[in-house]
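**Q** Next comes the structure file work35.cif, holding mmCIF, C-alpha atoms and all ligand atoms.
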```
data_structure
#
loop_
_atom_site.group_PDB
_atom_site.id
_atom_site.type_symbol
_atom_site.label_atom_id
_atom_site.label_comp_id
_atom_site.auth_asym_id
_atom_site.auth_seq_id
_atom_site.Cartn_x
_atom_site.Cartn_y
_atom_site.Cartn_z
ATOM 1 C CA VAL N 1 28.693 7.779 -13.245
ATOM 2 C CA THR N 2 28.143 6.046 -9.933
ATOM 3 C CA THR N 3 31.083 6.486 -7.566
ATOM 4 C CA LYS N 4 32.247 4.157 -4.793
ATOM 5 C CA LYS N 5 31.376 6.886 -2.293
ATOM 6 C CA GLN N 6 27.784 7.025 -3.541
ATOM 7 C CA GLN N 7 27.566 3.241 -3.358
ATOM 8 C CA LYS N 8 28.924 3.234 0.196
ATOM 9 C CA ASN N 9 26.416 5.877 1.174
ATOM 10 C CA ALA N 10 23.518 3.888 -0.299
ATOM 11 C CA VAL N 11 24.668 0.712 1.450
ATOM 12 C CA TYR N 12 24.871 2.639 4.730
ATOM 13 C CA PHE N 13 21.222 3.713 4.361
ATOM 14 C CA LEU N 14 20.150 0.187 3.494
ATOM 15 C CA ASP N 15 22.109 -1.278 6.434
ATOM 16 C CA GLN N 16 20.449 1.062 8.895
ATOM 17 C CA ILE N 17 16.936 0.663 7.526
ATOM 18 C CA SER N 18 17.251 -3.133 7.290
ATOM 19 C CA HIS N 19 18.515 -3.214 10.843
ATOM 20 C CA ARG N 20 15.354 -1.395 11.939
ATOM 21 C CA PHE N 21 13.105 -3.680 9.879
ATOM 22 C CA PRO N 22 14.790 -7.092 9.837
ATOM 23 C CA ASP N 23 11.477 -8.827 9.076
ATOM 24 C CA ALA N 24 10.527 -6.628 6.123
ATOM 25 C CA LYS N 25 8.794 -8.721 3.505
ATOM 26 C CA ILE N 26 5.864 -8.573 1.131
ATOM 27 C CA GLU N 27 2.649 -7.738 2.979
ATOM 28 C CA LEU N 28 0.261 -9.222 0.446
ATOM 29 C CA LYS N 29 -1.063 -12.625 1.524
ATOM 30 C CA TYR N 30 -0.989 -15.492 -0.964
ATOM 31 C CA ASP N 31 -0.041 -19.142 -1.216
ATOM 32 C CA GLU N 32 3.744 -19.001 -1.542
ATOM 33 C CA LYS N 33 3.728 -22.094 -3.730
ATOM 34 C CA ASP N 34 1.380 -20.440 -6.214
ATOM 35 C CA PRO N 35 2.782 -17.547 -8.306
ATOM 36 C CA TRP N 36 -0.673 -17.070 -9.853
ATOM 37 C CA GLN N 37 -2.102 -16.033 -6.479
ATOM 38 C CA LEU N 38 0.748 -13.544 -6.093
ATOM 39 C CA LEU N 39 0.037 -12.151 -9.554
ATOM 40 C CA VAL N 40 -3.644 -11.703 -8.653
ATOM 41 C CA ALA N 41 -2.781 -9.944 -5.382
ATOM 42 C CA VAL N 42 -0.286 -7.675 -7.130
ATOM 43 C CA VAL N 43 -2.784 -6.711 -9.857
ATOM 44 C CA LEU N 44 -5.389 -5.966 -7.178
ATOM 45 C CA SER N 45 -2.958 -3.846 -5.156
ATOM 46 C CA ALA N 46 -2.677 -1.083 -7.784
ATOM 47 C CA GLN N 47 -4.154 2.055 -6.166
ATOM 48 C CA SER N 48 -5.304 -0.063 -3.197
ATOM 49 C CA THR N 49 -3.720 -0.899 0.148
ATOM 50 C CA ASP N 50 -2.305 -4.339 0.867
ATOM 51 C CA VAL N 51 -4.652 -4.543 3.855
ATOM 52 C CA GLY N 52 -7.644 -3.963 1.567
ATOM 53 C CA VAL N 53 -6.391 -6.600 -0.888
ATOM 54 C CA ASN N 54 -5.766 -9.124 1.901
ATOM 55 C CA LYS N 55 -9.381 -8.721 2.983
ATOM 56 C CA VAL N 56 -10.792 -9.801 -0.380
ATOM 57 C CA THR N 57 -8.365 -12.460 -1.619
ATOM 58 C CA PRO N 58 -9.329 -15.350 0.727
ATOM 59 C CA ARG N 59 -12.901 -15.414 -0.627
ATOM 60 C CA LEU N 60 -11.738 -14.744 -4.176
ATOM 61 C CA PHE N 61 -9.275 -17.669 -4.098
ATOM 62 C CA ALA N 62 -11.894 -19.912 -2.473
ATOM 63 C CA ARG N 63 -14.298 -19.231 -5.342
ATOM 64 C CA PHE N 64 -11.724 -19.278 -8.176
ATOM 65 C CA LYS N 65 -9.269 -21.947 -7.123
ATOM 66 C CA ASN N 66 -6.682 -21.658 -9.871
ATOM 67 C CA VAL N 67 -5.718 -19.832 -13.038
ATOM 68 C CA GLN N 68 -7.981 -22.072 -15.136
ATOM 69 C CA ALA N 69 -10.986 -21.104 -13.018
ATOM 70 C CA PHE N 70 -10.223 -17.409 -13.543
ATOM 71 C CA ALA N 71 -9.763 -18.021 -17.280
ATOM 72 C CA LYS N 72 -13.206 -19.592 -17.543
ATOM 73 C CA ALA N 73 -14.922 -16.792 -15.610
ATOM 74 C CA GLU N 74 -16.463 -13.618 -16.959
ATOM 75 C CA SER N 75 -15.258 -10.419 -15.319
ATOM 76 C CA GLY N 76 -18.778 -9.791 -13.968
ATOM 77 C CA GLN N 77 -18.421 -12.948 -11.873
ATOM 78 C CA VAL N 78 -15.158 -11.705 -10.364
ATOM 79 C CA GLU N 79 -16.366 -8.165 -9.637
ATOM 80 C CA PRO N 80 -18.515 -8.928 -6.548
ATOM 81 C CA PHE N 81 -15.483 -10.398 -4.774
ATOM 82 C CA ILE N 82 -13.319 -7.310 -5.226
ATOM 83 C CA GLN N 83 -15.787 -4.442 -5.273
ATOM 84 C CA SER N 84 -14.397 -2.909 -2.076
ATOM 85 C CA LEU N 85 -11.239 -2.050 -4.068
ATOM 86 C CA GLY N 86 -10.745 0.953 -6.326
ATOM 87 C CA PHE N 87 -11.053 0.323 -10.073
ATOM 88 C CA PHE N 88 -12.590 -3.082 -9.369
ATOM 89 C CA ARG N 89 -14.242 -3.359 -12.772
ATOM 90 C CA ASN N 90 -10.954 -2.809 -14.602
ATOM 91 C CA LYS N 91 -9.157 -5.114 -12.203
ATOM 92 C CA ALA N 92 -11.722 -7.885 -12.752
ATOM 93 C CA LYS N 93 -11.256 -7.505 -16.512
ATOM 94 C CA SER N 94 -7.471 -7.589 -16.131
ATOM 95 C CA LEU N 95 -7.556 -10.721 -13.972
ATOM 96 C CA VAL N 96 -9.713 -12.663 -16.419
ATOM 97 C CA ALA N 97 -7.610 -11.481 -19.379
ATOM 98 C CA ALA N 98 -4.402 -12.300 -17.479
ATOM 99 C CA ALA N 99 -5.636 -15.797 -16.674
ATOM 100 C CA ARG N 100 -6.602 -16.414 -20.300
ATOM 101 C CA LYS N 101 -3.159 -15.261 -21.442
ATOM 102 C CA VAL N 102 -1.364 -17.478 -18.895
ATOM 103 C CA VAL N 103 -3.465 -20.488 -19.901
ATOM 104 C CA ALA N 104 -3.241 -19.870 -23.649
ATOM 105 C CA ASP N 105 0.393 -18.797 -23.976
ATOM 106 C CA PHE N 106 2.238 -20.116 -20.907
ATOM 107 C CA GLN N 107 0.673 -23.541 -20.319
ATOM 108 C CA GLY N 108 -1.137 -22.267 -17.237
ATOM 109 C CA ALA N 109 2.085 -21.382 -15.367
ATOM 110 C CA VAL N 110 3.041 -17.789 -14.525
ATOM 111 C CA PRO N 111 6.339 -17.286 -16.375
ATOM 112 C CA GLY N 112 9.506 -16.533 -14.382
ATOM 113 C CA ASP N 113 10.646 -14.121 -17.060
ATOM 114 C CA ARG N 114 10.224 -10.413 -16.803
ATOM 115 C CA GLU N 115 9.544 -9.750 -20.461
ATOM 116 C CA LYS N 116 6.893 -12.436 -20.629
ATOM 117 C CA LEU N 117 5.315 -11.227 -17.401
ATOM 118 C CA GLU N 118 4.978 -7.743 -18.857
ATOM 119 C CA GLN N 119 2.943 -9.198 -21.739
ATOM 120 C CA ILE N 120 0.246 -10.253 -19.263
ATOM 121 C CA PRO N 121 -2.701 -7.832 -18.995
ATOM 122 C CA GLY N 122 -2.543 -5.751 -15.806
ATOM 123 C CA VAL N 123 1.158 -6.522 -15.194
ATOM 124 C CA GLY N 124 3.423 -3.503 -15.687
ATOM 125 C CA PRO N 125 7.162 -3.255 -15.026
ATOM 126 C CA LYS N 126 6.748 -2.752 -11.280
ATOM 127 C CA SER N 127 4.366 -5.685 -10.879
ATOM 128 C CA ALA N 128 6.665 -7.876 -12.959
ATOM 129 C CA ALA N 129 9.587 -6.978 -10.690
ATOM 130 C CA VAL N 130 7.540 -7.769 -7.572
ATOM 131 C CA ILE N 131 6.530 -11.150 -9.008
ATOM 132 C CA MET N 132 10.081 -11.966 -10.130
ATOM 133 C CA ALA N 133 11.491 -11.157 -6.710
ATOM 134 C CA ASN N 134 8.869 -12.794 -4.525
ATOM 135 C CA ALA N 135 7.829 -15.812 -6.573
ATOM 136 C CA PHE N 136 11.115 -16.602 -8.300
ATOM 137 C CA GLY N 137 13.766 -15.047 -6.030
ATOM 138 C CA GLU N 138 15.089 -13.105 -9.012
ATOM 139 C CA PRO N 139 16.982 -9.948 -7.956
ATOM 140 C CA ALA N 140 14.962 -6.807 -8.727
ATOM 141 C CA ILE N 141 14.157 -3.530 -6.983
ATOM 142 C CA ALA N 142 10.521 -2.921 -7.749
ATOM 143 C CA VAL N 143 9.959 0.813 -7.398
ATOM 144 C CA ASP N 144 6.569 1.707 -5.980
ATOM 145 C CA THR N 145 5.528 5.033 -4.481
ATOM 146 C CA HIS N 146 7.406 4.316 -1.222
ATOM 147 C CA VAL N 147 10.655 3.119 -2.756
ATOM 148 C CA GLY N 148 10.717 6.103 -5.115
ATOM 149 C CA ARG N 149 10.016 8.591 -2.337
ATOM 150 C CA ILE N 150 12.634 7.138 0.029
ATOM 151 C CA ALA N 151 15.267 7.022 -2.721
ATOM 152 C CA ARG N 152 14.643 10.686 -3.559
ATOM 153 C CA ARG N 153 14.584 11.857 0.053
ATOM 154 C CA LEU N 154 17.829 10.064 0.794
ATOM 155 C CA GLY N 155 19.402 11.722 -2.227
ATOM 156 C CA LEU N 156 19.983 8.392 -3.998
ATOM 157 C CA THR N 157 18.251 9.636 -7.136
ATOM 158 C CA LYS N 158 16.606 12.710 -8.586
ATOM 159 C CA GLN N 159 14.536 10.663 -11.032
ATOM 160 C CA LYS N 160 10.753 10.525 -10.848
ATOM 161 C CA ASP N 161 10.157 7.780 -13.417
ATOM 162 C CA PRO N 162 10.096 4.468 -11.463
ATOM 163 C CA SER N 163 12.020 2.603 -14.179
ATOM 164 C CA LYS N 164 14.822 5.181 -14.018
ATOM 165 C CA VAL N 165 14.851 5.098 -10.201
ATOM 166 C CA GLU N 166 15.160 1.327 -10.406
ATOM 167 C CA ILE N 167 18.171 1.547 -12.726
ATOM 168 C CA GLU N 168 19.904 4.055 -10.450
ATOM 169 C CA LEU N 169 19.261 2.055 -7.281
ATOM 170 C CA GLU N 170 20.536 -1.076 -8.958
ATOM 171 C CA LYS N 171 23.799 0.711 -9.747
ATOM 172 C CA LEU N 172 24.154 1.819 -6.140
ATOM 173 C CA LEU N 173 23.357 -1.420 -4.318
ATOM 174 C CA PRO N 174 24.824 -4.913 -4.644
ATOM 175 C CA LYS N 175 22.605 -7.297 -6.590
ATOM 176 C CA ALA N 176 22.430 -9.705 -3.654
ATOM 177 C CA ARG N 177 20.619 -6.986 -1.699
ATOM 178 C CA TRP N 178 18.104 -5.733 -4.279
ATOM 179 C CA ILE N 179 15.131 -7.707 -2.960
ATOM 180 C CA GLU N 180 16.017 -6.758 0.614
ATOM 181 C CA ALA N 181 16.227 -3.079 -0.414
ATOM 182 C CA HIS N 182 12.793 -3.210 -2.040
ATOM 183 C CA HIS N 183 11.148 -4.577 1.111
ATOM 184 C CA ALA N 184 13.165 -2.473 3.575
ATOM 185 C CA PHE N 185 12.400 0.806 1.766
ATOM 186 C CA ILE N 186 8.694 -0.027 1.543
ATOM 187 C CA TRP N 187 8.501 -0.790 5.258
ATOM 188 C CA HIS N 188 10.444 2.373 6.078
ATOM 189 C CA GLY N 189 8.110 4.359 3.816
ATOM 190 C CA ARG N 190 4.997 2.900 5.401
ATOM 191 C CA ARG N 191 6.071 3.155 9.001
ATOM 192 C CA ILE N 192 8.529 6.068 9.419
ATOM 193 C CA CYS N 193 9.306 8.069 6.295
ATOM 194 C CA VAL N 194 5.632 8.390 5.417
ATOM 195 C CA ALA N 195 4.566 10.706 2.608
ATOM 196 C CA ARG N 196 3.029 13.653 4.460
ATOM 197 C CA LYS N 197 4.797 13.867 7.804
ATOM 198 C CA PRO N 198 7.900 11.719 8.041
ATOM 199 C CA CYS N 199 8.754 10.734 11.637
ATOM 200 C CA CYS N 200 12.360 11.937 11.430
ATOM 201 C CA THR N 201 12.823 11.713 15.204
ATOM 202 C CA GLN N 202 12.326 7.930 15.041
ATOM 203 C CA CYS N 203 14.298 7.400 11.872
ATOM 204 C CA PRO N 204 17.447 5.248 11.804
ATOM 205 C CA VAL N 205 19.158 7.443 9.192
ATOM 206 C CA THR N 206 18.550 10.955 10.564
ATOM 207 C CA GLU N 207 22.283 11.568 10.907
ATOM 208 C CA ARG N 208 22.900 11.428 7.195
ATOM 209 C CA CYS N 209 19.517 12.091 5.589
ATOM 210 C CA PRO N 210 19.636 15.243 3.445
ATOM 211 C CA ARG N 211 15.909 15.863 4.095
ATOM 212 C CA VAL N 212 15.825 15.363 7.861
ATOM 213 C CA GLY N 213 13.397 17.688 9.566
ATOM 214 C CA VAL N 214 12.094 19.076 6.296
ATOM 215 C CA THR N 215 8.391 18.743 5.865
ATOM 216 C CA VAL N 216 8.297 17.042 2.532
ATOM 217 C CA PHE N 217 5.294 16.282 0.430
ATOM 218 C CA ALA N 218 6.608 14.118 -2.354
HETATM 219 S S1 LIG N 301 15.293 11.551 8.372
HETATM 220 FE FE1 LIG N 301 13.134 11.970 7.901
HETATM 221 S S2 LIG N 301 13.041 12.428 5.712
HETATM 222 FE FE2 LIG N 301 15.035 11.413 6.145
HETATM 223 S S3 LIG N 301 14.635 9.242 5.738
HETATM 224 FE FE3 LIG N 301 14.325 9.594 7.900
HETATM 225 S S4 LIG N 301 12.116 9.991 8.121
HETATM 226 FE FE4 LIG N 301 12.662 10.226 5.953
#
```
Is it possible to give me this structure as C-alpha cells?
Ligand code: SF4

**A**
Amino acid sequence: VTTKKQQKNAVYFLDQISHRFPDAKIELKYDEKDPWQLLVAVVLSAQSTDVGVNKVTPRLFARFKNVQAFAKAESGQVEPFIQSLGFFRNKAKSLVAAARKVVADFQGAVPGDREKLEQIPGVGPKSAAVIMANAFGEPAIAVDTHVGRIARRLGLTKQKDPSKVEIELEKLLPKARWIEAHHAFIWHGRRICVARKPCCTQCPVTERCPRVGVTVFA
C-alpha cells in the first residue's frame, strides 16, 4: 500500500531534482516530427550511450530517409552505418524487421499505442514507454538503468525488475509528472548520482537521501 507520506516524500525528491535539472529532456537526437526516427534512435541506444548513437544517426537517416527505405534495405546495408555501436549486427536486423512490421501492419506509421509498439522487433517495454512519452506525450516512466538506480537509492522501491519499479513509481508520483520524473532521474543519474561514485556533496537531496555518503555500486 502506498501511503500519502511516501507519495509526499517521492514528490519532494522529484521537486528537488527537477529544480536542479529544469532542462532535463531526452538526449537522443531525432526529428521531433518523425516518431520513426525516435524509434530507430531508441533501438540503437540499447547497451550504447546516447552520445554514441547521436554520432551515427545523421548519416544513417541521410541514407535511409524514412521507414519505407529501412523496410526495403537488407540488414547488411544498415550495418556499416552503425558499426561503432555494440551489437550492431543485431541492431541492424532489428531495425529492418521493425521497419517491415511498421510498413506491413501499421500503414508505415509508428503506432501511439504501447501494446502495438511492443510487437515491433527490438522494442521492449522500456523502449515503448520512451517512445510513448517523447513522441506522443503519453504519461509513462520508462525505467532504464539510471531511473532504477535512483529510485532504489532514494528508497522509493526495493524492486529490481524495471517493470515493477515503473509500477511503484507511478503509484508514488502524480501522472502529470511521470515524463518529467523519467527525464529528471536520468539526468540526475548521469550527472550526480552516477553508478560507481555518486557525488553526494553536490546532490540536491542529500538531506533526505537514505544512501547519502554510502559508496554504492548498484
Ligand atoms: S545523496 Fe548521494 S546517493 Fe543519495 S541521491 Fe544524492 S548522489 Fe545519490

**Q** Per residue of region 116-156 of chain N within 12 Å of region 89-109 of chain N, which atom pair is closest and at what distance in Å (one decimal), using only C-alpha atoms, listed by chain and increasing number, as a Markdown table?

**A**
```
| residue | atom | partner | partner_atom | distance |
| --- | --- | --- | --- | --- |
| N:Lys116 | CA | N:Phe106 | CA | 9.0 |
| N:Leu117 | CA | N:Val102 | CA | 9.3 |
| N:Glu118 | CA | N:Ala98 | CA | 10.5 |
| N:Gln119 | CA | N:Lys101 | CA | 8.6 |
| N:Ile120 | CA | N:Ala98 | CA | 5.4 |
| N:Pro121 | CA | N:Ala98 | CA | 5.0 |
| N:Gly122 | CA | N:Ser94 | CA | 5.3 |
| N:Val123 | CA | N:Ala98 | CA | 8.3 |
| N:Gly124 | CA | N:Ser94 | CA | 11.6 |
| N:Ala135 | CA | N:Ala109 | CA | 11.9 |
```

**Q** Check every protein, DNA and RNA residue against ligand LIG 301 (chain N), keep those with an atom at most 6 Å away (counting all atoms listed in the file), and present them as an MDAnalysis selection string.

**A** chainID N and resid 153:154 192:193 198:200 203 205:206 209 211:213

**Q** Would you work out the distance separating CA of Lys25 (chain N) from CA of His183 (chain N), expressed in Å to one decimal?

**A** 5.3 Å

**Q** So what does the PyMOL selection byres (((chain N and resi 170-182) around 10) and not hetatm) actually pick up in this one, as a PyMOL selection string?

**A** chain N and resi 1-11+13-15+17-18+22-26+129-130+132-134+137-144+146-147+156-157+164-169+183-187

**Q** Which residues come within 9 Å of region 78-82 of chain N, counting only C-alpha atoms, excluding same-chain residues fewer than 2 positions away, as number ranges by chain?

**A** N: 44, 53, 56-57, 59-60, 63-64, 70, 73-76, 84-86, 88-89, 91-93, 95-96

**Q** Could you tell me how far CA of Phe61 (chain N) sits from CA of Tyr30 (chain N), in Å to one decimal place?

**A**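 Between CA of Tyr30 (chain N) and CA of Phe61 (chain N) the gap works out to 9.1 Å.
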
**Q** Report, in Å to a single decimal, how far apart CA of Val214 (chain N) and CA of Lys126 (chain N) are.

**A**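 Going from CA of Lys126 (chain N) over to CA of Val214 (chain N) covers 28.5 Å.
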
**Q** Would you mind telling me which residue in N:Ser163, N:Gln77, N:Thr145, N:Asn66 lies nearest to Gly189 (chain N) when using only C-alpha atoms?

**A** N:Thr145

**Q** Considering only C-alpha atoms, can you say which of N:Phe136, N:Pro162, N:Pro210, N:Gly148 comes closest to Lys33 (chain N)?

**A**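 Looking at the shortest contact to Lys33 (chain N), the residue is N:Phe136.
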
**Q** Hey, could you patch up region 15-27 of chain N with N, CA and C atoms and hand it over as a PDB file, in the frame of the given file?

**A**
```pdb
ATOM      1  N   ASP N  15      21.736  -0.570   5.193  1.00  0.00           N
ATOM      2  CA  ASP N  15      22.109  -1.278   6.434  1.00  0.00           C
ATOM      3  C   ASP N  15      21.254  -0.799   7.611  1.00  0.00           C
ATOM      4  N   GLN N  16      21.175   0.505   7.746  1.00  0.00           N
ATOM      5  CA  GLN N  16      20.449   1.062   8.895  1.00  0.00           C
ATOM      6  C   GLN N  16      18.957   0.735   8.832  1.00  0.00           C
ATOM      7  N   ILE N  17      18.385   0.889   7.658  1.00  0.00           N
ATOM      8  CA  ILE N  17      16.936   0.663   7.526  1.00  0.00           C
ATOM      9  C   ILE N  17      16.620  -0.827   7.695  1.00  0.00           C
ATOM     10  N   SER N  18      17.464  -1.685   7.132  1.00  0.00           N
ATOM     11  CA  SER N  18      17.251  -3.133   7.290  1.00  0.00           C
ATOM     12  C   SER N  18      17.395  -3.550   8.747  1.00  0.00           C
ATOM     13  N   HIS N  19      18.310  -2.895   9.433  1.00  0.00           N
ATOM     14  CA  HIS N  19      18.515  -3.214  10.843  1.00  0.00           C
ATOM     15  C   HIS N  19      17.254  -2.878  11.642  1.00  0.00           C
ATOM     16  N   ARG N  20      16.594  -1.780  11.262  1.00  0.00           N
ATOM     17  CA  ARG N  20      15.354  -1.395  11.939  1.00  0.00           C
ATOM     18  C   ARG N  20      14.204  -2.340  11.579  1.00  0.00           C
ATOM     19  N   PHE N  21      14.207  -2.818  10.337  1.00  0.00           N
ATOM     20  CA  PHE N  21      13.105  -3.680   9.879  1.00  0.00           C
ATOM     21  C   PHE N  21      13.635  -5.026   9.375  1.00  0.00           C
ATOM     22  N   PRO N  22      14.181  -5.835  10.291  1.00  0.00           N
ATOM     23  CA  PRO N  22      14.790  -7.092   9.837  1.00  0.00           C
ATOM     24  C   PRO N  22      13.773  -8.065   9.250  1.00  0.00           C
ATOM     25  N   ASP N  23      12.493  -7.887   9.584  1.00  0.00           N
ATOM     26  CA  ASP N  23      11.477  -8.827   9.076  1.00  0.00           C
ATOM     27  C   ASP N  23      10.735  -8.287   7.866  1.00  0.00           C
ATOM     28  N   ALA N  24      11.241  -7.222   7.262  1.00  0.00           N
ATOM     29  CA  ALA N  24      10.527  -6.628   6.123  1.00  0.00           C
ATOM     30  C   ALA N  24      10.329  -7.664   5.026  1.00  0.00           C
ATOM     31  N   LYS N  25       9.092  -7.804   4.604  1.00  0.00           N
ATOM     32  CA  LYS N  25       8.794  -8.721   3.505  1.00  0.00           C
ATOM     33  C   LYS N  25       7.496  -8.260   2.856  1.00  0.00           C
ATOM     34  N   ILE N  26       7.097  -8.953   1.822  1.00  0.00           N
ATOM     35  CA  ILE N  26       5.864  -8.573   1.131  1.00  0.00           C
ATOM     36  C   ILE N  26       4.683  -8.694   2.104  1.00  0.00           C
ATOM     37  N   GLU N  27       3.766  -7.719   2.036  1.00  0.00           N
ATOM     38  CA  GLU N  27       2.649  -7.738   2.979  1.00  0.00           C
ATOM     39  C   GLU N  27       1.354  -8.246   2.359  1.00  0.00           C
TER      40      GLU N  27
END
```
